Protein chains: 2
Amino acid sequence: MAKSKISDLFNRPIVAINLGLHSMADSIRDQGYKVIDLDWKPPMGDVPYLFVTKDGIDIDEANEKVVQKIKQARPTLVGMGLAKDVIPGFHDHLFLHAGPPITWERMCGPLRGNVMGALIFEGMAKDEKEAEKIAGSGDLEYAPCHHYQSVGPMAGVISPRLPVFIIENKAAGNLAFCSMNEGLGKVLRYGGMGPEVYERLNWMKSVLYPVLNDALQSMADGLDVKAILAQALHMGDEGHNRNRAGTSLFLRAMLPALIRKTSDKEKLAQVVEFIDKNDHFFLNITMPAGKAALDAAAGVEGSSIVTVMTRNGTDFGIKMSCMPDEWFIAPAPEVEGLFFPGFGSEDANPDIGDSTVTETAGYGGFAMAAAPAITKFVGGTPQDAIQTTLEMYEITFSEHEAYTIPFLNFRGTPLGIDVRKVMETGILPKINTGIAHKKPGIGGIGAGITRAPEKVFKDAFDALKAIC
Amino acid sequence: MAKSKISDLFNRPIVAINLGLHSMADSIRDQGYKVIDLDWKPPMGDVPYLFVTKDGIDIDEANEKVVQKIKQARPTLVGMGLAKDVIPGFHDHLFLHAGPPITWERMCGPLRGNVMGALIFEGMAKDEKEAEKIAGSGDLEYAPCHHYQSVGPMAGVISPRLPVFIIENKAAGNLAFCSMNEGLGKVLRYGGMGPEVYERLNWMKSVLYPVLNDALQSMADGLDVKAILAQALHMGDEGHNRNRAGTSLFLRAMLPALIRKTSDKEKLAQVVEFIDKNDHFFLNITMPAGKAALDAAAGVEGSSIVTVMTRNGTDFGIKMSCMPDEWFIAPAPEVEGLFFPGFGSEDANPDIGDSTVTETAGYGGFAMAAAPAITKFVGGTPQDAIQTTLEMYEITFSEHEAYTIPFLNFRGTPLGIDVRKVMETGILPKINTGIAHKKPGIGGIGAGITRAPEKVFKDAFDALKAIC
């Protein structure tokens, strides 16, 4: 077709949009017209667009309700306590763990290590051998943290006498709980076992926890986690694997009360040094902050938004808001990352931990564009970090007004993974995460990036389709 | 010329580089060849390229020496003291000020306010009227902070009994001094006067200063300012007008010693609250850190690098390394910025303060690409912030390996303003700054961005040319 003919046909400038292969538009391009090539991939199999459920519920409207509840959440650190004293329904033989439900027999190495170490920490077993026996005896009840308003990073075991942070969502009134962060390396949540692990945990229980809790009890309004996280995203954090700013701002905000309420200044100095040496400390506060926001958004009829996404090191599971009791499960994926000296991918356990609650709530890996320096820890380049966030906008229903990314001109973070959009685009959620050694007892060996497995979204979509 | 002819001529793909107007290359572009348009501006007047001095010194080699000295500097906060006790050459009637030398008669409003307020704070005048009389009586000696190894933000007056930070450059052994930051608004360094101003300063002298100094004295190695600033640039600071991360990391690093050394916990709580409420606190440490690095690089024969750049609110002055006793001076420029409620550009004093020591040392406005969120404070967009840093690479001799910008793939910050490059490119250094009310007594009214005036670089270049 001659140039003049196209112009004649439309009588205005022509811009073509090409949805297929680049070469498909070559003839138009050759005539000097502008062609925009859309980065389009075929959807996962046969994907009808789902608008309305059989009950007549508009899915977009339901999703809007869900993201509003997440945005309106006001997660506030209001206190601390031992798990069995503060988590509703806890009992002396309940051991919570990260990820979807799992039996002792199917647990991965680091989760086994965490359970066994927790038994020793609790004084329920005298050594690893006895711990292993008790762990597999059927005397313990295992349940996901997520079933008890809780989250735990990595193996994520919450045992009865473990101190936990208490987060209150001041908007909806619900609570969420999480353990304290021990640091990196040979630590219990990565499955690390040994005297130094229990010594640290005992100090955290006998000094760190009471010192922090006394300060918190004196703060009438608690600690506004939402405000700190919002600032931290302007300071190079993404709230999952980079929390240097959040940890700093947490300390700043706690200090006046910490100083006034702690009579033993040597203890206070130790507490401050412990937190100062662990830039991940604030992770265990951003996690339950996400849980408190997401729990408030669970159970909205007709919503295709993911409100739980988590892994136990064997399985990866998600839940949709519209089916709050239904797990969609697939094998946990491998993680690509950077390893600590002496370790490599052959030592790595598959993806593990409840920390994907951060991505689910609109930060973590989804906010990587806010945290270019994280690439020194998890690998990749700052350009990859930006690309990750841009890609996640493709599968999310909304953007979080409270959490914004300066480099994207203060655009809100991608919020609300929509199972329909994952299926349409074929783009799977990207996750920043730590890496545990696959054997029990060793601990953390690196950090990296992975994606959620396709199957959980296919299954969730099929379940949604069945009610549409 | 037909397409085939150009191809025949060179027998390979053609890419043209166009140094003139875009339209100059249209005929080549029309034939489908790639044309790169260079963003080229004519130099400022007649600019010969200067390579060697009359004494046979290679200017590039001299400049390399200068930037190496700046890079190798290890600014460390080693203690504090009252100005007259610790700054060499101080005496009871010496009042240091920001910028190049100036007489009382030519001082701008905020500098006059700062001098008068300092006289009241010192107990040398009972009120503003008496202070004004003494200030203009000839009994005081005025001198630039820069002449006494010191720097002061905004009007920057250092009076005899003002507490100052002591920075030691552990590489070269030289010292630098700076006052403590009072916060924003009605404060003395912006020319603010009034009982609340003196009350705050008296508290800073009687509580803040001794508490901080006691802690510092107990820290054997002092506080590594270079390490904190390097981290802060990965956390959204640029070290001049955004110091939220630096202030947080400063507190974290000081806390163990602060807690162990402070017996009165209420005083400590007040100190921590004061610092927590002022994200600019760390500025008064990044400034002398820059001064300590730059002073070590002053006096290198044949170097065209700027080692002093500063303003007193009336004049803007620079010095080149090769002429450490020579000021090049021009009127201080206006500042474009964001104003606090109730104030506007008609209230603004021209550019003022020694804080441009940060840009001179390779951070501040030069590192704006590290600090996109600063645009909420000084105006502009994150894109402008990136553009500013990219532009400053055009006029700097080197890049600072210790201070890197994650978003530019960890590229070093632009370091070492080269008078020759400013003249060649016509690009003037960009500066982040606070804005003072032009009348004495009122204080800070905003923050913004400006550029150094052309004249100081023309004059410096002429002086350089005269020795070449």
# chains A, B, ... in the order shown; residues from 1 in each chain; ligands from 1
>>> calpha_fit_rmsd(fixed="chain A", moving="chain B")
0.2 Å
>>> interface_residues(of="chain A", to="chain B", cutoff="9 Å", atoms="only C-alpha atoms", output="PyMOL selection string")
chain A and resi 232+234-237+244-245+248-249+251-253+255-260+263+265-266+268-270+272-273+276+371-373+375+381-383+405-410
>>> write_last_selection(atoms="N, CA and C atoms", output="CSV table (one decimal), in the first residue's frame")
chain,number,residue,atom,x,y,z
A,232,ALA,N,10.5,4.9,55.2
A,232,ALA,CA,11.6,4.0,54.9
A,232,ALA,C,11.6,3.7,53.4
A,234,HIS,N,11.1,5.8,51.2
A,234,HIS,CA,11.8,7.0,50.6
A,234,HIS,C,13.3,7.0,51.0
A,235,MET,N,13.7,6.0,51.7
A,235,MET,CA,15.1,5.9,52.2
A,235,MET,C,15.7,4.6,51.8
A,236,GLY,N,15.3,4.1,50.7
A,236,GLY,CA,16.1,3.0,50.1
A,236,GLY,C,15.7,1.6,50.7
A,237,ASP,N,14.7,1.5,51.5
A,237,ASP,CA,14.1,0.2,51.9
A,237,ASP,C,13.0,-0.2,51.0
A,244,ARG,N,17.2,-1.3,56.5
A,244,ARG,CA,18.1,-0.4,57.3
A,244,ARG,C,17.5,0.9,57.7
A,245,ALA,N,16.7,1.5,56.8
A,245,ALA,CA,16.1,2.7,57.2
A,245,ALA,C,15.0,2.5,58.2
A,248,SER,N,16.4,1.9,61.6
A,248,SER,CA,16.9,3.2,62.1
A,248,SER,C,15.8,4.0,62.7
A,249,LEU,N,14.7,4.2,61.9
A,249,LEU,CA,13.6,5.0,62.3
A,249,LEU,C,12.8,4.4,63.5
A,251,LEU,N,14.2,2.6,65.9
A,251,LEU,CA,15.0,3.0,67.0
A,251,LEU,C,14.8,4.4,67.4
A,252,ARG,N,14.8,5.3,66.5
A,252,ARG,CA,14.6,6.8,66.8
A,252,ARG,C,13.3,7.0,67.5
A,253,ALA,N,12.3,6.3,67.0
A,253,ALA,CA,10.9,6.5,67.5
A,253,ALA,C,10.8,5.9,68.9
A,255,LEU,N,13.3,5.5,71.1
A,255,LEU,CA,14.3,5.9,72.1
A,255,LEU,C,13.9,6.7,73.3
A,256,PRO,N,13.1,7.7,73.1
A,256,PRO,CA,12.7,8.5,74.3
A,256,PRO,C,12.0,7.6,75.4
A,257,ALA,N,11.1,6.7,74.9
A,257,ALA,CA,10.5,5.8,75.9
A,257,ALA,C,11.5,4.8,76.4
A,258,LEU,N,12.3,4.3,75.5
A,258,LEU,CA,13.3,3.3,76.0
A,258,LEU,C,14.2,3.9,77.1
A,259,ILE,N,14.6,5.1,76.8
A,259,ILE,CA,15.6,5.7,77.8
A,259,ILE,C,14.9,6.0,79.1
A,260,ARG,N,13.6,6.5,79.0
A,260,ARG,CA,12.9,6.9,80.3
A,260,ARG,C,12.5,5.7,81.1
A,263,SER,N,15.7,1.2,83.6
A,263,SER,CA,16.5,1.6,84.7
A,263,SER,C,17.9,1.1,84.6
A,265,LYS,N,21.0,0.9,82.6
A,265,LYS,CA,21.5,1.4,81.4
A,265,LYS,C,22.4,0.5,80.6
A,266,GLU,N,23.1,-0.5,81.3
A,266,GLU,CA,23.9,-1.4,80.5
A,266,GLU,C,22.9,-2.3,79.7
A,268,LEU,N,20.1,-1.4,78.5
A,268,LEU,CA,19.6,-0.6,77.4
A,268,LEU,C,20.7,-0.5,76.3
A,269,ALA,N,21.9,-0.3,76.7
A,269,ALA,CA,23.0,-0.2,75.7
A,269,ALA,C,23.1,-1.5,74.9
A,270,GLN,N,22.9,-2.7,75.6
A,270,GLN,CA,23.0,-3.9,74.9
A,270,GLN,C,21.8,-4.1,73.9
A,272,VAL,N,20.2,-1.7,72.4
A,272,VAL,CA,20.4,-0.7,71.2
A,272,VAL,C,21.5,-1.3,70.3
A,273,GLU,N,22.6,-1.9,70.9
A,273,GLU,CA,23.6,-2.5,70.1
A,273,GLU,C,23.1,-3.7,69.3
A,276,ASP,N,21.1,-2.2,66.5
A,276,ASP,CA,22.0,-1.5,65.6
A,276,ASP,C,22.8,-2.5,64.7
A,371,ALA,N,14.3,0.7,46.3
A,371,ALA,CA,15.5,0.2,47.1
A,371,ALA,C,16.6,-0.4,46.2
A,372,PRO,N,17.2,0.5,45.3
A,372,PRO,CA,18.2,0.0,44.4
A,372,PRO,C,19.4,-0.6,45.0
A,373,ALA,N,19.7,-0.2,46.2
A,373,ALA,CA,20.9,-0.7,46.9
A,373,ALA,C,20.7,-2.1,47.4
A,375,THR,N,20.2,-4.5,45.6
A,375,THR,CA,20.8,-5.5,44.7
A,375,THR,C,22.1,-6.0,45.1
A,381,THR,N,20.6,-5.8,39.2
A,381,THR,CA,21.1,-4.5,39.1
A,381,THR,C,20.0,-3.5,39.5
A,382,PRO,N,20.3,-2.2,39.7
A,382,PRO,CA,19.2,-1.3,40.0
A,382,PRO,C,18.2,-1.2,38.9
A,383,GLN,N,18.6,-1.4,37.7
A,383,GLN,CA,17.6,-1.5,36.6
A,383,GLN,C,16.6,-2.6,36.7
A,405,ILE,N,7.0,5.6,45.7
A,405,ILE,CA,8.3,5.4,45.3
A,405,ILE,C,8.8,6.7,44.6
A,406,PRO,N,9.8,7.4,45.3
A,406,PRO,CA,10.2,8.6,44.8
A,406,PRO,C,10.7,8.6,43.3
A,407,PHE,N,11.5,7.6,43.0
A,407,PHE,CA,12.0,7.5,41.6
A,407,PHE,C,11.0,7.3,40.5
A,408,LEU,N,9.8,6.8,40.9
A,408,LEU,CA,8.7,6.7,39.9
A,408,LEU,C,7.8,7.9,40.1
A,409,ASN,N,8.4,9.0,40.4
A,409,ASN,CA,7.7,10.2,40.7
A,409,ASN,C,6.6,10.1,41.7
A,410,PHE,N,6.9,9.4,42.8
A,410,PHE,CA,6.1,9.2,43.9
A,410,PHE,C,4.8,8.4,43.6
>>> residues_around(residues="A:Pro144", least_positions_apart="4", cutoff="8 Å", atoms="only C-alpha atoms", output="count of residues only")
7
>>> atom_distance(atom1="atom CA of A:Arg420", atom2="atom CA of A:Asn169")
28.0 Å
>>> residues_around(residues="stretch 460-465 of chain B", least_positions_apart="2", cutoff="7 Å", atoms="only C-alpha atoms", output="ChimeraX atom specification")
/B:328,419-420,456-458,467-468
>>> select_by_dssp(residues="stretch 304-411 of chain A", states="helix (DSSP H, G or I)", output="JSON, numbers by chain")
{"A": [345, 346, 347, 354, 355, 356, 357, 358, 359, 360, 364, 365, 366, 367, 368, 369, 370, 372, 373, 374, 375, 376, 377, 378, 382, 383, 384, 385, 386, 387, 388, 389, 390, 391, 392, 406, 407, 408]}
>>> atom_distance(atom1="atom CA of A:Gln68", atom2="atom CA of A:Ala297")
8.3 Å
>>> residues_around(residues="stretch 162-166 of chain B", least_positions_apart="5", cutoff="9 Å", atoms="only C-alpha atoms", output="number ranges by chain")
B: 76-84, 86-87, 118, 121-122, 175-180, 201, 204-205, 209, 213, 284-285, 288
>>> residues_around(residues="A:Met154", least_positions_apart="5", cutoff="6 Å", atoms="only C-alpha atoms", output="PyMOL selection string")
chain A and resi 189-190+352-353
>>> atom_distance(atom1="atom CA of A:Leu390", atom2="atom CA of A:Pro429")
11.7 Å
>>> select_by_dssp(residues="stretch 144-179 of chain B", states="strand (DSSP E or B)", output="PyMOL selection string")
chain B and resi 144+150-151+158+163-169+175-179
>>> write_last_selection(atoms="C-alpha atoms", output="tab-separated table (two decimals), in the first residue's frame")
chain	number	residue	atom	x	y	z
B	144	PRO	CA	35.05	33.99	57.18
B	150	SER	CA	35.51	26.15	59.98
B	151	VAL	CA	32.17	26.18	58.19
B	158	ILE	CA	30.55	31.10	65.11
B	163	PRO	CA	29.94	24.72	70.95
B	164	VAL	CA	31.39	23.21	67.79
B	165	PHE	CA	31.95	19.73	66.40
B	166	ILE	CA	35.61	18.83	65.87
B	167	ILE	CA	36.29	16.75	62.75
B	168	GLU	CA	39.68	15.22	62.22
B	169	ASN	CA	40.74	14.13	58.76
B	175	LEU	CA	40.91	19.52	61.67
B	176	ALA	CA	37.62	21.22	60.75
B	177	PHE	CA	34.92	22.77	62.92
B	178	CYS	CA	31.18	23.47	62.68
B	179	SER	CA	28.37	24.60	64.97
>>> residues_around(residues="A:Ala131", least_positions_apart="2", cutoff="12 Å", atoms="only C-alpha atoms", output="number ranges by chain")
A: 112-129, 133-137, 139-140, 193
